[in-house]
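Student: After the structure tokens below, expect a handful of questions from me.
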Amino acid sequence: MTLKIIFIAIVFMSLIFSQTALRSESVKITRLENFKNNYSGKTIRFVGPGKMEVQGELVTVTPESFIVSDGINHNLFSHNNIDYVLIVPQKAEFFLATSVSVFGGAIGYLTLIVSKESFSDQHEKVFTFVGATLGALLGRNTFYKPLKIDISGKTYG
């Protein structure tokens, strides 16, 4: 009987003192602070006011807005209605995707050498082209996609 009362008391206390959901504003502030610390100086893209797509270098993040440089001017954009921001791939990601494509072409050529003793020039071109194409698709889909950063205050789960 006492064990049952203790169990009911624990369940009741956990319901009283549990946090049902994180406050949306505190989550948004934390995400914006992390976004500022990790991505200042990077090229970002987002859909701004009036469905206008904005792209530029992130200078800083204030509690009310983004400060984005377009190369000449610093512009302020409110982040109240923005749920996510895309980090645009840079030269390093492009070179990484390109090297995967070249590596894929070399793998295609080596596959041809290993699989056949004698082959024509047409086989050589086809295997190299297919390998480079598959490598380019793999490199683009793996390394050259924009990184989507959620800055909304929504909690999931």
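We label chains A, B, ... in the order they appear in the structure tokens, count residues from 1 in each chain, and number ligands from 1 in the order shown.
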Any idea what's packed within 12 Å of region 61-74 of chain A, counting only C-alpha atoms, ignoring anything in its chain fewer than 6 positions away? Could you give it as a PyMOL selection string?
Tutor: chain A and resi 25-26+28-46+48+54-55+80-82+85+151
Student: Could you find all residues in chain A that DSSP calls strand (DSSP E or B) from the backbone, and write them as a ChimeraX atom specification?
Tutor: /A:43-47,53-61,65-69,74-78,84-87,147-150
Student: Let's see if you can do this: from backbone DSSP, list all helix (DSSP H, G or I) residues in region 25-104 of chain A, as a PyMOL selection string.
Tutor: chain A and resi 25-39+49-51+91-104
Student: Which residue gives the smallest distance to Tyr84 (chain A) among A:Thr133, A:Val27, A:Phe12, A:Val47, with only C-alpha atoms counted?
Tutor: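 Under the stated criterion, the closest residue is A:Val47.
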Student: Work out how far apart CA of Glu93 (chain A) and CA of Phe129 (chain A) are and give it in Å to one decimal.
Tutor: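 Going from CA of Glu93 (chain A) over to CA of Phe129 (chain A) covers 21.9 Å.
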Student: Between CA of Glu57 (chain A) and CA of Gln90 (chain A), measure the distance and give it in Å to one decimal.
Tutor: 11.7 Å
Student: What does the structure give for the distance between CA of Leu137 (chain A) and CA of Glu124 (chain A), in Å to one decimal?
Tutor: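 Computing it gives 20.1 Å between the two atoms.
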Student: Taking only C-alpha atoms into account, name the residue in A:Lys51, A:Lys4, A:Lys145, A:Lys125 that is nearest to Ala106 (chain A).
Tutor: A:Lys125
Student: Would you list the contacts of Pro89 (chain A) as a PyMOL selection string, taking every protein, DNA or RNA residue within 9 Å and counting only C-alpha atoms, but skipping same-chain residues closer than 5 positions in sequence?
Tutor: chain A and resi 43+94+143-147
Student: Emit the selected residues as a compact mmCIF listing (two decimals), in the first residue's frame, including N, CA and C atoms.
Tutor:
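The resulting file, again33.txt, is reproduced below:
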```
# COMPACT_ATOMS: atom_id res chain seq x y z
N THR A 43 28.49 33.76 -46.31
CA THR A 43 27.44 34.20 -47.22
C THR A 43 26.16 33.44 -46.89
N PHE A 94 33.02 23.79 -53.55
CA PHE A 94 33.02 23.59 -54.99
C PHE A 94 34.21 22.71 -55.41
N PHE A 143 28.35 17.57 -50.98
CA PHE A 143 29.14 18.69 -50.49
C PHE A 143 28.69 20.06 -50.96
N TYR A 144 27.94 20.16 -52.03
CA TYR A 144 27.67 21.47 -52.61
C TYR A 144 26.22 21.92 -52.46
N LYS A 145 25.52 21.38 -51.47
CA LYS A 145 24.17 21.83 -51.20
C LYS A 145 24.21 22.93 -50.15
N PRO A 146 23.31 23.91 -50.24
CA PRO A 146 23.25 24.92 -49.18
C PRO A 146 22.85 24.28 -47.85
N LEU A 147 23.46 24.75 -46.78
CA LEU A 147 23.18 24.25 -45.44
C LEU A 147 21.99 25.03 -44.88
```
Student: Can you work out which one of A:Met52, A:Val114, A:Ile6, A:Ala97 has the shortest atom-to-atom distance to Gly139 (chain A), counting only C-alpha atoms?
Tutor: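 Going through A:Met52, A:Val114, A:Ile6, A:Ala97 one by one, the smallest distance to Gly139 (chain A) is for A:Ala97.
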